[in-house]
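Engineer: So I've got this file, input-v7.pdb, and it contains PDB, C-alpha atoms and all ligand atoms:
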ATOM      1  CA  MET V   1      46.049  32.613 -47.493
ATOM      2  CA  TYR V   2      47.112  34.348 -44.261
ATOM      3  CA  SER V   3      50.392  36.207 -43.752
ATOM      4  CA  GLU V   4      52.920  34.907 -41.222
ATOM      5  CA  LYS V   5      52.092  37.817 -38.928
ATOM      6  CA  VAL V   6      48.400  36.955 -38.973
ATOM      7  CA  MET V   7      49.190  33.327 -38.143
ATOM      8  CA  ASP V   8      51.524  34.426 -35.345
ATOM      9  CA  HIS V   9      48.978  36.753 -33.758
ATOM     10  CA  PHE V  10      46.242  34.144 -34.175
ATOM     11  CA  GLN V  11      48.295  31.381 -32.569
ATOM     12  CA  ASN V  12      49.947  33.566 -29.903
ATOM     13  CA  PRO V  13      47.528  36.425 -29.364
ATOM     14  CA  ARG V  14      48.902  39.314 -27.265
ATOM     15  CA  ASN V  15      46.973  40.973 -24.462
ATOM     16  CA  VAL V  16      44.181  38.414 -24.132
ATOM     17  CA  GLY V  17      42.070  38.765 -21.015
ATOM     18  CA  GLU V  18      40.113  41.258 -18.990
ATOM     19  CA  ILE V  19      41.003  44.354 -16.963
ATOM     20  CA  GLU V  20      39.350  44.612 -13.584
ATOM     21  CA  ASN V  21      37.861  48.061 -12.961
ATOM     22  CA  ALA V  22      38.693  49.050 -16.527
ATOM     23  CA  SER V  23      38.407  52.729 -17.481
ATOM     24  CA  GLY V  24      36.290  51.678 -20.436
ATOM     25  CA  VAL V  25      34.837  48.540 -21.987
ATOM     26  CA  GLY V  26      33.550  48.138 -25.515
ATOM     27  CA  THR V  27      31.632  45.208 -26.933
ATOM     28  CA  VAL V  28      30.980  44.954 -30.638
ATOM     29  CA  GLY V  29      29.697  42.224 -32.892
ATOM     30  CA  ASN V  30      29.461  41.399 -36.535
ATOM     31  CA  ALA V  31      25.847  40.665 -37.361
ATOM     32  CA  LYS V  32      26.753  38.583 -40.418
ATOM     33  CA  CYS V  33      29.053  36.010 -38.843
ATOM     34  CA  GLY V  34      27.994  36.409 -35.206
ATOM     35  CA  ASP V  35      31.547  37.020 -33.979
ATOM     36  CA  ILE V  36      31.952  39.153 -30.856
ATOM     37  CA  MET V  37      34.849  41.220 -29.540
ATOM     38  CA  LYS V  38      35.221  42.810 -26.119
ATOM     39  CA  ILE V  39      37.941  45.426 -25.517
ATOM     40  CA  TYR V  40      39.040  46.685 -22.080
ATOM     41  CA  ILE V  41      41.113  49.836 -21.693
ATOM     42  CA  GLN V  42      42.960  51.264 -18.705
ATOM     43  CA  VAL V  43      43.534  55.006 -19.076
ATOM     44  CA  GLU V  44      45.852  57.091 -16.919
ATOM     45  CA  ASP V  45      46.535  60.770 -17.641
ATOM     46  CA  GLY V  46      45.020  60.398 -21.103
ATOM     47  CA  ILE V  47      47.334  57.494 -22.003
ATOM     48  CA  LEU V  48      46.260  53.929 -22.667
ATOM     49  CA  LYS V  49      48.314  52.158 -20.017
ATOM     50  CA  ASP V  50      46.822  48.767 -20.731
ATOM     51  CA  VAL V  51      44.472  47.189 -23.232
ATOM     52  CA  LYS V  52      43.088  43.675 -23.184
ATOM     53  CA  PHE V  53      40.630  41.820 -25.367
ATOM     54  CA  LYS V  54      38.421  38.794 -25.585
ATOM     55  CA  THR V  55      37.341  37.770 -29.040
ATOM     56  CA  PHE V  56      34.976  34.978 -29.904
ATOM     57  CA  GLY V  57      35.622  34.897 -33.589
ATOM     58  CA  CYS V  58      37.576  33.811 -36.598
ATOM     59  CA  ALA V  59      41.349  33.766 -36.993
ATOM     60  CA  ALA V  60      41.398  37.190 -38.644
ATOM     61  CA  ALA V  61      39.287  38.717 -35.868
ATOM     62  CA  ILE V  62      41.625  37.327 -33.197
ATOM     63  CA  ALA V  63      44.781  38.399 -35.043
ATOM     64  CA  THR V  64      43.453  41.910 -35.651
ATOM     65  CA  SER V  65      42.367  42.360 -32.035
ATOM     66  CA  SER V  66      45.794  41.229 -30.883
ATOM     67  CA  MET V  67      47.620  43.583 -33.264
ATOM     68  CA  ALA V  68      45.248  46.476 -32.495
ATOM     69  CA  THR V  69      45.939  46.228 -28.747
ATOM     70  CA  GLU V  70      49.682  46.305 -29.434
ATOM     71  CA  LEU V  71      49.303  49.352 -31.655
ATOM     72  CA  ILE V  72      47.426  51.465 -29.090
ATOM     73  CA  ILE V  73      49.098  50.577 -25.785
ATOM     74  CA  GLY V  74      51.105  53.626 -24.693
ATOM     75  CA  LYS V  75      49.238  55.928 -27.083
ATOM     76  CA  THR V  76      46.949  58.791 -26.142
ATOM     77  CA  VAL V  77      43.194  58.347 -26.270
ATOM     78  CA  GLU V  78      43.071  60.667 -29.299
ATOM     79  CA  GLU V  79      45.715  58.649 -31.152
ATOM     80  CA  ALA V  80      43.855  55.419 -30.414
ATOM     81  CA  LEU V  81      40.657  56.916 -31.829
ATOM     82  CA  ASP V  82      42.498  57.503 -35.113
ATOM     83  CA  LEU V  83      43.427  53.841 -35.514
ATOM     84  CA  THR V  84      41.765  52.459 -38.633
ATOM     85  CA  ASN V  85      41.094  48.865 -39.549
ATOM     86  CA  LYS V  86      43.267  49.429 -42.616
ATOM     87  CA  ALA V  87      46.236  50.356 -40.435
ATOM     88  CA  VAL V  88      45.715  47.215 -38.357
ATOM     89  CA  ALA V  89      45.516  45.051 -41.484
ATOM     90  CA  GLU V  90      48.646  46.688 -42.887
ATOM     91  CA  ALA V  91      50.522  46.043 -39.644
ATOM     92  CA  LEU V  92      49.648  42.372 -40.144
ATOM     93  CA  ASP V  93      51.048  42.455 -43.714
ATOM     94  CA  GLY V  94      47.553  42.431 -45.116
ATOM     95  CA  LEU V  95      44.421  40.329 -44.897
ATOM     96  CA  PRO V  96      42.637  38.423 -47.630
ATOM     97  CA  PRO V  97      39.936  40.725 -49.094
ATOM     98  CA  VAL V  98      37.119  38.504 -47.820
ATOM     99  CA  LYS V  99      38.543  38.912 -44.313
ATOM    100  CA  MET V 100      38.886  42.702 -44.268
ATOM    101  CA  HIS V 101      35.492  43.051 -42.564
ATOM    102  CA  CYS V 102      36.882  41.136 -39.582
ATOM    103  CA  SER V 103      39.409  43.905 -38.936
ATOM    104  CA  VAL V 104      36.555  46.406 -38.642
ATOM    105  CA  LEU V 105      35.617  44.749 -35.348
ATOM    106  CA  ALA V 106      38.948  45.788 -33.816
ATOM    107  CA  GLU V 107      38.545  49.416 -34.857
ATOM    108  CA  GLU V 108      34.952  49.517 -33.643
ATOM    109  CA  GLY V 109      35.762  47.725 -30.387
ATOM    110  CA  ILE V 110      38.446  50.257 -29.500
ATOM    111  CA  LYS V 111      36.156  53.166 -30.362
ATOM    112  CA  ALA V 112      33.363  51.654 -28.236
ATOM    113  CA  ALA V 113      35.725  51.230 -25.261
ATOM    114  CA  ILE V 114      36.919  54.831 -25.582
ATOM    115  CA  GLU V 115      33.348  56.102 -25.860
ATOM    116  CA  ASP V 116      32.522  54.202 -22.678
ATOM    117  CA  TYR V 117      35.558  55.763 -20.987
ATOM    118  CA  MET V 118      34.549  59.261 -22.120
ATOM    119  CA  ALA V 119      30.963  58.744 -20.989
ATOM    120  CA  LYS V 120      32.239  57.721 -17.554
ATOM    121  CA  GLN V 121      34.366  60.885 -17.464
ATOM    122  CA  GLY V 122      31.265  62.903 -18.316
ATOM    123  CA  LYS V 123      32.771  64.015 -21.647
TER     124      LYS V 123
HETATM  125 FE1  LIG U 201      33.436  37.018 -38.281
HETATM  126 FE2  LIG U 201      35.859  37.199 -39.198
HETATM  127  S1  LIG U 201      34.298  35.917 -39.918
HETATM  128  S2  LIG U 201      34.899  38.442 -37.727
END
As structure tokens, what does this structure read like?
Ligand code: FES
Structural biologist:
Amino acid sequence: MYSEKVMDHFQNPRNVGEIENASGVGTVGNAKCGDIMKIYIQVEDGILKDVKFKTFGCAAAIATSSMATELIIGKTVEEALDLTNKAVAEALDGLPPVKMHCSVLAEEGIKAAIEDYMAKQGK
């Protein structure tokens, strides 16, 4: 049911953890399943130097958070804002249709962390 990439990122998630004194933190949840994702970003000169996550959720939520962090590290804040859940799912070679909603958490978590960062910058 899951692609090899999903299984890999679920079993060996990248960038798990927290960032102390993060530039921005975003917490989002899915009301239906109760899963929660927390994203930490470290921004320097408009670039995402580091991104970490903690996800209390299903396999698809963990795999998409892991892949999403990999996709935005080294990108500009603007590029990270453009990341869609579809792009994350595609990078994982797809998700079962019933699991697409899980990938929305990753997109929303990143947006929430960037909004927090911008608010702290007074933007
Ligand atoms: Fe909740 Fe996947 S079932 S995020």
Engineer: Given the file above and the PyMOL selection byres (((not hetatm)) within 10 of (chain U and resi 201)), which residues are selected, and can you give them as a PyMOL selection string?
Structural biologist: chain V and resi 29-37+55-64+98-106
Engineer: I'd like to see the residues matched by the PyMOL selection byres (((chain V and resi 69) around 12) and not hetatm) on this file, and ideally I'd get them as a ChimeraX atom specification.
Structural biologist: /V:9,13-17,38-42,48-54,62-68,70-75,80,83,88,91,106-107,109-110,113
Engineer: Which protein, DNA or RNA residues are at most 10 Å from (41.8, 58.8, -25.1) in the file's coordinates when you count all atoms listed in the file, listed as a short mmCIF file (atom, residue, chain, number, x, y, z; two decimals) with C-alpha atoms, in the frame of the given file?
Structural biologist:
data_model
loop_
_atom_site.label_atom_id
_atom_site.label_comp_id
_atom_site.auth_asym_id
_atom_site.auth_seq_id
_atom_site.Cartn_x
_atom_site.Cartn_y
_atom_site.Cartn_z
CA ILE V 41 41.11 49.84 -21.69
CA GLN V 42 42.96 51.26 -18.70
CA VAL V 43 43.53 55.01 -19.08
CA GLU V 44 45.85 57.09 -16.92
CA ASP V 45 46.54 60.77 -17.64
CA GLY V 46 45.02 60.40 -21.10
CA ILE V 47 47.33 57.49 -22.00
CA LEU V 48 46.26 53.93 -22.67
CA LYS V 75 49.24 55.93 -27.08
CA THR V 76 46.95 58.79 -26.14
CA VAL V 77 43.19 58.35 -26.27
CA GLU V 78 43.07 60.67 -29.30
CA GLU V 79 45.72 58.65 -31.15
CA ALA V 80 43.86 55.42 -30.41
CA LEU V 81 40.66 56.92 -31.83
CA LYS V 111 36.16 53.17 -30.36
CA ALA V 113 35.72 51.23 -25.26
CA ILE V 114 36.92 54.83 -25.58
CA GLU V 115 33.35 56.10 -25.86
CA TYR V 117 35.56 55.76 -20.99
CA MET V 118 34.55 59.26 -22.12
#
Engineer: Just give me the gap between CA of Ala22 in chain V and CA of Asn85 in chain V in Å, one decimal is fine.
Structural biologist: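 Rounded to one decimal, the two atoms are 23.1 Å apart.
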Engineer: Any idea what the distance is between CA of Val6 in chain V and CA of Glu90 in chain V?
Structural biologist: 10.5 Å
Engineer: To one decimal place in Å, what is the distance between CA of Asp116 in chain V and CA of Ile19 in chain V?
Structural biologist: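 CA of Ile19 in chain V lies at a distance of 14.2 Å from CA of Asp116 in chain V.
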Engineer: Name the residues in contact with range 93-97 of chain V at a cut-off of 7 Å, using all atoms listed in the file, excluding same-chain residues fewer than 6 positions from it; report them as a list of chain:residue names.
Structural biologist: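 Here the qualifying residues turn out to be V:Met1, V:Tyr2, V:Ser3, V:Lys5.
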Engineer: Can you tell me, as JSON, the centre and edge lengths (Å, one decimal) of the axis-aligned box enclosing all of range 28-34 of chain V's listed atoms after padding each side by 6 Å?
Structural biologist:
{"center_x": 28.4, "center_y": 40.5, "center_z": -35.5, "size_x": 17.1, "size_y": 20.9, "size_z": 21.8}
Engineer: Generate N, CA, C and O atoms for range 68-92 of chain V and emit them as a tab-separated table (two decimals), in the frame of the given file.
Structural biologist:
chain	number	residue	atom	x	y	z
V	68	ALA	N	45.79	45.16	-32.84
V	68	ALA	CA	45.25	46.48	-32.49
V	68	ALA	C	45.62	46.86	-31.07
V	68	ALA	O	45.99	48.00	-30.80
V	69	THR	N	45.58	45.89	-30.14
V	69	THR	CA	45.94	46.23	-28.75
V	69	THR	C	47.40	46.66	-28.70
V	69	THR	O	47.74	47.62	-28.03
V	70	GLU	N	48.26	45.94	-29.43
V	70	GLU	CA	49.68	46.30	-29.43
V	70	GLU	C	49.90	47.71	-30.00
V	70	GLU	O	50.78	48.43	-29.54
V	71	LEU	N	49.11	48.06	-31.00
V	71	LEU	CA	49.30	49.35	-31.66
V	71	LEU	C	48.87	50.53	-30.78
V	71	LEU	O	49.35	51.64	-30.95
V	72	ILE	N	47.94	50.30	-29.85
V	72	ILE	CA	47.43	51.46	-29.09
V	72	ILE	C	47.95	51.55	-27.66
V	72	ILE	O	47.82	52.60	-27.03
V	73	ILE	N	48.56	50.49	-27.14
V	73	ILE	CA	49.10	50.58	-25.78
V	73	ILE	C	50.20	51.64	-25.77
V	73	ILE	O	51.09	51.64	-26.62
V	74	GLY	N	50.11	52.56	-24.81
V	74	GLY	CA	51.10	53.63	-24.69
V	74	GLY	C	50.74	54.87	-25.49
V	74	GLY	O	51.41	55.89	-25.38
V	75	LYS	N	49.66	54.77	-26.29
V	75	LYS	CA	49.24	55.93	-27.08
V	75	LYS	C	48.23	56.76	-26.29
V	75	LYS	O	47.65	56.30	-25.30
V	76	THR	N	47.99	57.99	-26.77
V	76	THR	CA	46.95	58.79	-26.14
V	76	THR	C	45.59	58.31	-26.64
V	76	THR	O	45.48	57.62	-27.65
V	77	VAL	N	44.56	58.71	-25.89
V	77	VAL	CA	43.19	58.35	-26.27
V	77	VAL	C	42.89	58.85	-27.68
V	77	VAL	O	42.29	58.15	-28.50
V	78	GLU	N	43.34	60.08	-27.98
V	78	GLU	CA	43.07	60.67	-29.30
V	78	GLU	C	43.76	59.86	-30.40
V	78	GLU	O	43.16	59.60	-31.45
V	79	GLU	N	45.00	59.45	-30.15
V	79	GLU	CA	45.72	58.65	-31.15
V	79	GLU	C	45.01	57.31	-31.38
V	79	GLU	O	44.90	56.84	-32.51
V	80	ALA	N	44.53	56.71	-30.29
V	80	ALA	CA	43.86	55.42	-30.41
V	80	ALA	C	42.57	55.55	-31.23
V	80	ALA	O	42.20	54.65	-31.98
V	81	LEU	N	41.90	56.70	-31.08
V	81	LEU	CA	40.66	56.92	-31.83
V	81	LEU	C	40.93	56.98	-33.33
V	81	LEU	O	40.04	56.70	-34.13
V	82	ASP	N	42.14	57.38	-33.69
V	82	ASP	CA	42.50	57.50	-35.11
V	82	ASP	C	42.89	56.18	-35.75
V	82	ASP	O	43.09	56.12	-36.96
V	83	LEU	N	43.01	55.13	-34.95
V	83	LEU	CA	43.43	53.84	-35.51
V	83	LEU	C	42.33	53.31	-36.46
V	83	LEU	O	41.18	53.22	-36.08
V	84	THR	N	42.74	52.98	-37.67
V	84	THR	CA	41.76	52.46	-38.63
V	84	THR	C	41.99	50.96	-38.82
V	84	THR	O	43.07	50.45	-38.55
V	85	ASN	N	40.95	50.30	-39.29
V	85	ASN	CA	41.09	48.86	-39.55
V	85	ASN	C	42.13	48.61	-40.64
V	85	ASN	O	42.81	47.59	-40.64
V	86	LYS	N	42.26	49.58	-41.55
V	86	LYS	CA	43.27	49.43	-42.62
V	86	LYS	C	44.67	49.41	-42.03
V	86	LYS	O	45.53	48.62	-42.45
V	87	ALA	N	44.92	50.30	-41.06
V	87	ALA	CA	46.24	50.36	-40.44
V	87	ALA	C	46.54	49.05	-39.70
V	87	ALA	O	47.67	48.56	-39.73
V	88	VAL	N	45.52	48.49	-39.06
V	88	VAL	CA	45.72	47.22	-38.36
V	88	VAL	C	46.03	46.11	-39.36
V	88	VAL	O	46.97	45.33	-39.17
V	89	ALA	N	45.29	46.08	-40.46
V	89	ALA	CA	45.52	45.05	-41.48
V	89	ALA	C	46.91	45.20	-42.10
V	89	ALA	O	47.61	44.21	-42.33
V	90	GLU	N	47.31	46.46	-42.31
V	90	GLU	CA	48.65	46.69	-42.89
V	90	GLU	C	49.74	46.23	-41.93
V	90	GLU	O	50.74	45.65	-42.35
V	91	ALA	N	49.53	46.47	-40.63
V	91	ALA	CA	50.52	46.04	-39.64
V	91	ALA	C	50.65	44.52	-39.62
V	91	ALA	O	51.67	43.98	-39.20
V	92	LEU	N	49.62	43.84	-40.08
V	92	LEU	CA	49.65	42.37	-40.14
V	92	LEU	C	50.11	41.88	-41.52
V	92	LEU	O	49.95	40.70	-41.84
